[in-house]
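data_4.cif, holding mmCIF, C-alpha atoms:
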```
data_upload
loop_
_atom_site.group_PDB
_atom_site.id
_atom_site.type_symbol
_atom_site.label_atom_id
_atom_site.label_comp_id
_atom_site.auth_asym_id
_atom_site.auth_seq_id
_atom_site.Cartn_x
_atom_site.Cartn_y
_atom_site.Cartn_z
ATOM 1 C CA ILE A 1108 79.225 78.556 79.148
ATOM 2 C CA ILE A 1109 79.955 74.851 78.816
ATOM 3 C CA ALA A 1110 76.430 73.962 79.966
ATOM 4 C CA ALA A 1111 74.918 76.310 77.362
ATOM 5 C CA TRP A 1112 77.214 75.235 74.513
ATOM 6 C CA GLY A 1113 75.231 74.379 71.382
ATOM 7 C CA LEU A 1114 71.855 75.339 72.862
ATOM 8 C CA GLY A 1115 71.637 78.773 71.278
ATOM 9 C CA ILE A 1116 71.443 80.404 74.689
ATOM 10 C CA ARG A 1117 73.160 83.759 75.119
ATOM 11 C CA THR A 1118 75.713 83.744 77.917
ATOM 12 C CA ILE A 1119 77.075 86.810 79.671
ATOM 13 C CA ILE A 1120 80.129 86.792 81.893
ATOM 14 C CA SER A 1121 80.525 89.401 84.611
ATOM 15 C CA GLU A 1122 84.152 89.979 85.649
ATOM 16 C CA ARG A 1123 83.886 91.779 88.977
ATOM 17 C CA ASN A 1124 87.465 91.765 90.191
ATOM 18 C CA SER A 1125 90.962 92.503 88.960
ATOM 19 C CA ILE A 1126 91.941 89.657 86.616
ATOM 20 C CA GLN A 1127 95.603 90.659 86.800
ATOM 21 C CA HIS A 1128 95.767 90.387 90.586
ATOM 22 C CA ARG A 1129 93.286 87.633 91.391
ATOM 23 C CA LYS A 1130 95.228 84.481 90.688
ATOM 24 C CA LEU A 1131 93.161 81.409 89.869
ATOM 25 C CA PRO A 1132 94.231 77.752 89.868
ATOM 26 C CA ARG A 1133 95.644 76.669 86.486
ATOM 27 C CA VAL A 1134 92.600 74.616 85.549
ATOM 28 C CA TRP A 1135 90.354 77.692 85.906
ATOM 29 C CA GLN A 1136 92.829 79.834 83.954
ATOM 30 C CA PHE A 1137 92.738 77.265 81.146
ATOM 31 C CA LEU A 1138 88.937 77.047 81.178
ATOM 32 C CA ARG A 1139 88.668 80.833 81.118
ATOM 33 C CA ARG A 1140 90.853 81.013 78.004
ATOM 34 C CA ILE A 1141 88.830 78.440 76.059
ATOM 35 C CA THR A 1142 85.332 79.378 77.207
ATOM 36 C CA TYR A 1143 85.363 83.190 77.291
ATOM 37 C CA ARG A 1144 85.529 83.421 73.492
ATOM 38 C CA GLN A 1145 82.185 81.579 73.397
ATOM 39 C CA ALA A 1146 80.389 84.150 75.577
ATOM 40 C CA SER A 1147 77.885 86.512 74.021
ATOM 41 C CA LEU A 1148 79.159 89.364 76.169
ATOM 42 C CA ILE A 1149 81.639 90.015 78.958
ATOM 43 C CA THR A 1150 80.921 92.870 81.347
ATOM 44 C CA ILE A 1151 83.696 94.480 83.350
ATOM 45 C CA ASN A 1152 83.599 97.082 86.081
ATOM 46 C CA LEU A 1153 87.349 97.720 85.974
ATOM 47 C CA GLU A 1154 88.847 99.202 82.817
ATOM 48 C CA ALA A 1155 92.196 97.467 83.504
ATOM 49 C CA ASN A 1156 90.522 94.120 82.670
ATOM 50 C CA ARG A 1157 89.858 95.105 79.037
ATOM 51 C CA PRO A 1158 93.386 94.514 77.608
ATOM 52 C CA ILE A 1159 93.617 91.099 79.287
ATOM 53 C CA LEU A 1160 90.219 89.990 78.037
ATOM 54 C CA LYS A 1161 90.988 91.156 74.474
ATOM 55 C CA ILE A 1162 93.514 88.306 74.316
ATOM 56 C CA TRP A 1163 90.733 85.751 74.909
ATOM 57 C CA CYS A 1164 87.749 87.208 73.084
ATOM 58 C CA PRO A 1165 86.755 89.855 70.521
ATOM 59 C CA LYS A 1166 86.957 93.379 71.950
ATOM 60 C CA SER A 1167 83.453 94.127 70.635
ATOM 61 C CA ARG A 1168 82.064 91.720 73.251
ATOM 62 C CA ILE A 1169 83.708 93.497 76.200
ATOM 63 C CA VAL A 1170 81.513 96.143 77.813
ATOM 64 C CA LEU A 1171 82.352 98.419 80.735
ATOM 65 C CA LEU A 1172 79.423 98.300 83.127
ATOM 66 C CA PRO A 1173 80.266 100.314 86.256
ATOM 67 C CA ASN A 1174 78.419 99.574 89.456
ATOM 68 C CA PRO A 1175 75.389 101.830 89.740
ATOM 69 C CA ILE A 1176 75.133 104.366 92.527
ATOM 70 C CA SER A 1177 72.338 106.761 93.318
ATOM 71 C CA VAL A 1178 73.629 110.121 94.509
ATOM 72 C CA SER A 1179 70.205 111.745 94.674
ATOM 73 C CA LYS A 1180 69.168 109.620 97.639
ATOM 74 C CA PRO A 1181 69.184 111.569 100.918
ATOM 75 C CA SER A 1182 71.902 110.549 103.327
ATOM 76 C CA SER A 1183 70.825 108.139 106.052
ATOM 77 C CA ARG A 1184 73.696 109.153 108.324
ATOM 78 C CA SER A 1185 72.977 109.703 111.965
ATOM 79 C CA GLN A 1186 74.844 112.052 114.224
ATOM 80 C CA GLY A 1187 77.491 110.723 116.601
ATOM 81 C CA ASN A 1188 80.909 111.587 117.906
ATOM 82 C CA GLY A 1189 82.373 110.789 114.506
ATOM 83 C CA GLN A 1190 85.544 109.209 115.833
ATOM 84 C CA THR A 1191 84.959 105.857 114.203
ATOM 85 C CA ILE A 1192 86.713 104.595 111.101
ATOM 86 C CA LEU A 1193 84.731 101.959 109.218
ATOM 87 C CA ALA A 1194 85.967 99.176 106.951
ATOM 88 C CA VAL A 1195 83.567 96.709 105.316
ATOM 89 C CA GLY A 1196 84.417 93.596 103.334
ATOM 90 C CA ARG A 1197 85.210 89.911 103.252
ATOM 91 C CA LEU A 1198 87.940 89.035 105.749
ATOM 92 C CA SER A 1199 90.477 87.780 103.216
ATOM 93 C CA LYS A 1200 94.077 88.519 102.230
ATOM 94 C CA GLN A 1201 92.839 90.557 99.247
ATOM 95 C CA LYS A 1202 91.161 93.119 101.512
ATOM 96 C CA ALA A 1203 94.381 93.855 103.499
ATOM 97 C CA PHE A 1204 92.685 94.406 106.843
ATOM 98 C CA ASP A 1205 95.927 93.232 108.462
ATOM 99 C CA VAL A 1206 97.638 96.275 106.934
ATOM 100 C CA LEU A 1207 94.858 98.505 108.246
ATOM 101 C CA ILE A 1208 95.131 97.114 111.783
ATOM 102 C CA GLU A 1209 98.911 97.566 111.739
ATOM 103 C CA ALA A 1210 98.568 101.153 110.509
ATOM 104 C CA PHE A 1211 95.980 101.866 113.205
ATOM 105 C CA ALA A 1212 98.309 100.395 115.838
ATOM 106 C CA LYS A 1213 101.238 102.549 114.667
ATOM 107 C CA SER A 1214 99.154 105.723 114.590
ATOM 108 C CA ASP A 1215 97.975 107.905 117.479
ATOM 109 C CA CYS A 1216 94.353 107.055 116.699
ATOM 110 C CA SER A 1217 93.891 104.621 119.563
ATOM 111 C CA SER A 1218 95.231 107.025 122.201
ATOM 112 C CA THR A 1219 93.216 109.988 120.901
ATOM 113 C CA GLY A 1220 89.768 108.381 121.120
ATOM 114 C CA TRP A 1221 89.380 106.890 117.652
ATOM 115 C CA HIS A 1222 87.815 103.484 117.060
ATOM 116 C CA LEU A 1223 88.270 101.141 114.082
ATOM 117 C CA GLN A 1224 85.220 99.067 113.179
ATOM 118 C CA ILE A 1225 85.717 96.244 110.663
ATOM 119 C CA VAL A 1226 82.529 94.606 109.388
ATOM 120 C CA GLY A 1227 82.860 91.292 107.628
ATOM 121 C CA GLN A 1228 83.387 87.565 107.830
ATOM 122 C CA GLY A 1229 85.913 85.238 106.276
ATOM 123 C CA GLU A 1230 88.908 82.963 106.540
ATOM 124 C CA GLU A 1231 91.220 85.636 108.017
ATOM 125 C CA GLN A 1232 89.034 86.422 111.042
ATOM 126 C CA LEU A 1233 91.071 84.465 113.604
ATOM 127 C CA SER A 1234 94.350 85.873 112.302
ATOM 128 C CA LEU A 1235 92.977 89.415 112.454
ATOM 129 C CA GLN A 1236 91.651 88.871 115.989
ATOM 130 C CA ASP A 1237 95.113 87.615 117.022
ATOM 131 C CA GLN A 1238 96.681 90.702 115.483
ATOM 132 C CA ILE A 1239 94.297 92.958 117.435
ATOM 133 C CA THR A 1240 95.213 91.122 120.638
ATOM 134 C CA ASN A 1241 98.966 91.284 119.914
ATOM 135 C CA TYR A 1242 98.744 95.052 119.408
ATOM 136 C CA ARG A 1243 96.551 95.352 122.553
ATOM 137 C CA LEU A 1244 93.805 97.074 120.589
ATOM 138 C CA GLU A 1245 90.831 95.104 121.932
ATOM 139 C CA SER A 1246 89.159 98.256 123.259
ATOM 140 C CA THR A 1247 89.559 100.281 120.063
ATOM 141 C CA VAL A 1248 89.405 97.798 117.157
ATOM 142 C CA THR A 1249 86.425 95.508 116.700
ATOM 143 C CA ILE A 1250 85.342 93.035 114.061
ATOM 144 C CA SER A 1251 81.647 92.319 113.666
ATOM 145 C CA PRO A 1252 79.643 90.254 111.155
ATOM 146 C CA PHE A 1253 77.683 91.756 108.261
ATOM 147 C CA THR A 1254 74.225 93.042 108.974
ATOM 148 C CA GLY A 1255 71.483 93.994 106.555
ATOM 149 C CA GLU A 1256 71.559 97.501 107.979
ATOM 150 C CA VAL A 1257 75.309 98.095 107.977
ATOM 151 C CA TRP A 1258 75.047 101.663 106.645
ATOM 152 C CA ALA A 1259 72.335 102.739 109.047
ATOM 153 C CA GLU A 1260 74.134 101.027 111.919
ATOM 154 C CA PHE A 1261 77.438 102.760 111.207
ATOM 155 C CA GLY A 1262 76.116 106.048 109.857
ATOM 156 C CA HIS A 1263 77.886 107.904 112.676
ATOM 157 C CA CYS A 1264 81.342 107.031 111.320
ATOM 158 C CA SER A 1265 83.536 109.737 109.812
ATOM 159 C CA PHE A 1266 85.712 107.751 107.434
ATOM 160 C CA PHE A 1267 85.416 104.652 105.321
ATOM 161 C CA VAL A 1268 88.711 102.854 104.707
ATOM 162 C CA MET A 1269 89.401 100.320 101.966
ATOM 163 C CA PRO A 1270 93.042 99.167 102.093
ATOM 164 C CA SER A 1271 92.618 96.356 99.530
ATOM 165 C CA HIS A 1272 95.549 94.992 97.538
ATOM 166 C CA TYR A 1273 93.201 94.902 94.525
ATOM 167 C CA GLU A 1274 89.530 95.368 93.678
ATOM 168 C CA GLY A 1275 87.229 95.669 90.706
ATOM 169 C CA MET A 1276 84.641 98.361 91.393
ATOM 170 C CA PRO A 1277 83.778 97.679 95.038
ATOM 171 C CA ASN A 1278 80.135 97.943 96.053
ATOM 172 C CA ALA A 1279 81.026 98.676 99.688
ATOM 173 C CA LEU A 1280 82.981 101.769 98.647
ATOM 174 C CA LEU A 1281 80.167 103.049 96.440
ATOM 175 C CA GLU A 1282 77.655 102.493 99.226
ATOM 176 C CA ALA A 1283 79.875 104.289 101.758
ATOM 177 C CA ILE A 1284 80.199 107.284 99.430
ATOM 178 C CA ALA A 1285 76.430 107.261 98.871
ATOM 179 C CA VAL A 1286 75.763 107.620 102.612
ATOM 180 C CA GLY A 1287 78.280 110.441 102.884
ATOM 181 C CA LEU A 1288 81.329 108.776 104.427
ATOM 182 C CA VAL A 1289 84.726 110.198 103.515
ATOM 183 C CA PRO A 1290 86.594 107.438 101.614
ATOM 184 C CA VAL A 1291 90.249 106.602 102.203
ATOM 185 C CA VAL A 1292 91.401 103.962 99.713
ATOM 186 C CA SER A 1293 94.564 102.234 98.568
ATOM 187 C CA GLU A 1294 95.807 102.418 94.986
ATOM 188 C CA GLY A 1295 94.711 98.784 94.634
ATOM 189 C CA VAL A 1296 91.052 99.770 94.757
ATOM 190 C CA GLY A 1297 90.897 100.204 90.992
ATOM 191 C CA ASP A 1298 89.412 102.778 88.656
ATOM 192 C CA ILE A 1299 87.481 104.631 91.347
ATOM 193 C CA ALA A 1300 90.663 105.338 93.384
#
```
Rendering of file as structure tokens:
Amino acid sequence: IIAAWGLGIRTIISERNSIQHRKLPRVWQFLRRITYRQASLITINLEANRPILKIWCPKSRIVLLPNPISVSKPSSRSQGNGQTILAVGRLSKQKAFDVLIEAFAKSDCSSTGWHLQIVGQGEEQLSLQDQITNYRLESTVTISPFTGEVWAEFGHCSFFVMPSHYEGMPNALLEAIAVGLVPVVSEGVGDIA
């Protein structure tokens, strides 16, 4: 917005996460307040962002633009034993994979043949690996990096879990639903929950 100021160029902001829950450093909060009113349009994919944004810019410039999903596409799921729970996302505090691992450890899932597969990368990877080791879940909980074929690769899973503390409108959840996985989500997942 600052780079386009005075050039007559339309600028569109896309808010893709929960503004209320995603805390930014003060300098970015300040810049958001003074620059957002200059935007031509602000798109949101979480209705809860609208009242916050109305403080900073005219409500006529705020447009709900949900993530698209095609439900007419045939499912690419393969057959398998179905005893795998899948979680996909950035390995960060926001995604609450530590909560998921703890819940898995406290459940009977591990002793009854279930497997938890977490796909992602991020700053919490070492901490999550330590947690898996501390709970002695190395044989039933695995973390692997993203692949371009994540949905085909894990099409045999039965459930998709998203335990996030907060989200906007998460693409991973929409994609999991599109391939036919049963979603289990926290209340923090946003409008789609």
Contacts of stretch 1187-1219 of chain A with stretch 1276-1297 of chain A up to 10 Å, shortest pair per row, all atoms listed in the file, as a Markdown table:
```
| residue | atom | partner | partner_atom | distance |
| --- | --- | --- | --- | --- |
| A:Ile1192 | CA | A:Leu1288 | CA | 9.5 |
| A:Leu1193 | CA | A:Leu1288 | CA | 9.0 |
| A:Ala1194 | CA | A:Ala1279 | CA | 8.8 |
| A:Val1195 | CA | A:Ala1279 | CA | 6.5 |
| A:Gly1196 | CA | A:Ala1279 | CA | 7.1 |
| A:Gln1201 | CA | A:Gly1295 | CA | 9.6 |
| A:Lys1202 | CA | A:Val1296 | CA | 9.5 |
| A:Ala1203 | CA | A:Ser1293 | CA | 9.7 |
```
Excluding same-chain residues fewer than 6 positions from stretch 1222-1228 of chain A, what lies within 9 Å of it counting only C-alpha atoms, as number ranges by chain? A: 1190-1199, 1204, 1208, 1211, 1216, 1246-1254, 1257, 1261
Give the answer as one residue: which of A:Ile1169, A:Ile1151, A:Val1206, A:Ile1162 has the shortest atom-to-atom distance to A:Arg1123, using only C-alpha atoms?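 Nearest to A:Arg1123: A:Ile1151.
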Nearest to A:Ser1125 by atom-to-atom distance, counting all atoms listed in the file, from A:Glu1274, A:Thr1240, A:Leu1148, A:Glu1260: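 Ranked by minimum distance to A:Ser1125, first place goes to A:Glu1274.
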Of A:Val1134, A:Cys1264, A:Ile1120, A:Leu1233, the one nearest to A:Cys1164 when counting only C-alpha atoms is A:Ile1120
What is the distance, in Å and to one decimal place, between atom CA of A:Gly1275 and atom CA of A:Ser1121? 11.0 Å
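Comparing the minimum interatomic distances between A:Gln1238 and each of A:Val1268, A:Ile1149, A:Ala1155, A:Leu1207, counting all atoms listed in the file, we find that A:Leu1207 sits nearest.
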Best match for closeness to A:Tyr1273 among A:Leu1114, A:Lys1200, A:Gly1189, A:Ala1146, counting all atoms listed in the file: A:Lys1200
Tell me, as a list in words, which residues lie within 12 Å of A:Gly1113, counting all atoms listed in the file; anything in the same chain fewer than 4 positions away does not count. Ile1108, Ile1109, Arg1117, Thr1118, Gln1145 and Ala1146 of chain A
For stretch 1130-1147 of chain A, which lacks atoms in the input, supply N, CA, C and O atoms and format the output as a tab-separated table (two decimals), keeping the file's coordinate frame.
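The new file part_16.tsv reads:
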```tsv
chain	number	residue	atom	x	y	z
A	1130	LYS	N	94.66	85.69	91.29
A	1130	LYS	CA	95.23	84.48	90.69
A	1130	LYS	C	94.30	83.29	90.91
A	1130	LYS	O	93.86	83.03	92.01
A	1131	LEU	N	94.01	82.60	89.82
A	1131	LEU	CA	93.16	81.41	89.87
A	1131	LEU	C	94.02	80.16	89.68
A	1131	LEU	O	95.08	80.21	89.06
A	1132	PRO	N	93.52	79.01	90.15
A	1132	PRO	CA	94.23	77.75	89.87
A	1132	PRO	C	94.34	77.55	88.36
A	1132	PRO	O	93.50	78.03	87.58
A	1133	ARG	N	95.36	76.85	87.92
A	1133	ARG	CA	95.64	76.67	86.49
A	1133	ARG	C	94.46	76.11	85.69
A	1133	ARG	O	94.23	76.53	84.56
A	1134	VAL	N	93.72	75.20	86.28
A	1134	VAL	CA	92.60	74.62	85.55
A	1134	VAL	C	91.57	75.70	85.23
A	1134	VAL	O	91.02	75.73	84.12
A	1135	TRP	N	91.31	76.62	86.15
A	1135	TRP	CA	90.35	77.69	85.91
A	1135	TRP	C	90.90	78.71	84.91
A	1135	TRP	O	90.15	79.25	84.10
A	1136	GLN	N	92.21	78.95	84.95
A	1136	GLN	CA	92.83	79.83	83.95
A	1136	GLN	C	92.65	79.25	82.55
A	1136	GLN	O	92.31	79.96	81.60
A	1137	PHE	N	92.89	77.95	82.43
A	1137	PHE	CA	92.74	77.26	81.15
A	1137	PHE	C	91.29	77.34	80.67
A	1137	PHE	O	91.01	77.67	79.51
A	1138	LEU	N	90.35	77.01	81.55
A	1138	LEU	CA	88.94	77.05	81.18
A	1138	LEU	C	88.49	78.45	80.78
A	1138	LEU	O	87.70	78.62	79.85
A	1139	ARG	N	89.01	79.45	81.47
A	1139	ARG	CA	88.67	80.83	81.12
A	1139	ARG	C	89.11	81.14	79.69
A	1139	ARG	O	88.37	81.70	78.90
A	1140	ARG	N	90.31	80.73	79.35
A	1140	ARG	CA	90.85	81.01	78.00
A	1140	ARG	C	90.04	80.35	76.89
A	1140	ARG	O	89.84	80.93	75.83
A	1141	ILE	N	89.55	79.13	77.14
A	1141	ILE	CA	88.83	78.44	76.06
A	1141	ILE	C	87.34	78.75	76.05
A	1141	ILE	O	86.68	78.60	75.02
A	1142	THR	N	86.78	79.15	77.17
A	1142	THR	CA	85.33	79.38	77.21
A	1142	THR	C	84.94	80.84	76.99
A	1142	THR	O	83.86	81.10	76.44
A	1143	TYR	N	85.75	81.79	77.39
A	1143	TYR	CA	85.36	83.19	77.29
A	1143	TYR	C	85.08	83.61	75.85
A	1143	TYR	O	84.22	84.45	75.62
A	1144	ARG	N	85.77	83.04	74.89
A	1144	ARG	CA	85.53	83.42	73.49
A	1144	ARG	C	84.16	82.97	73.01
A	1144	ARG	O	83.66	83.42	72.00
A	1145	GLN	N	83.51	82.06	73.76
A	1145	GLN	CA	82.18	81.58	73.40
A	1145	GLN	C	81.07	82.43	74.01
A	1145	GLN	O	79.91	82.25	73.65
A	1146	ALA	N	81.40	83.32	74.91
A	1146	ALA	CA	80.39	84.15	75.58
A	1146	ALA	C	79.80	85.18	74.62
A	1146	ALA	O	80.48	85.67	73.72
A	1147	SER	N	78.54	85.47	74.82
A	1147	SER	CA	77.89	86.51	74.02
A	1147	SER	C	78.41	87.89	74.39
A	1147	SER	O	78.51	88.78	73.54
```
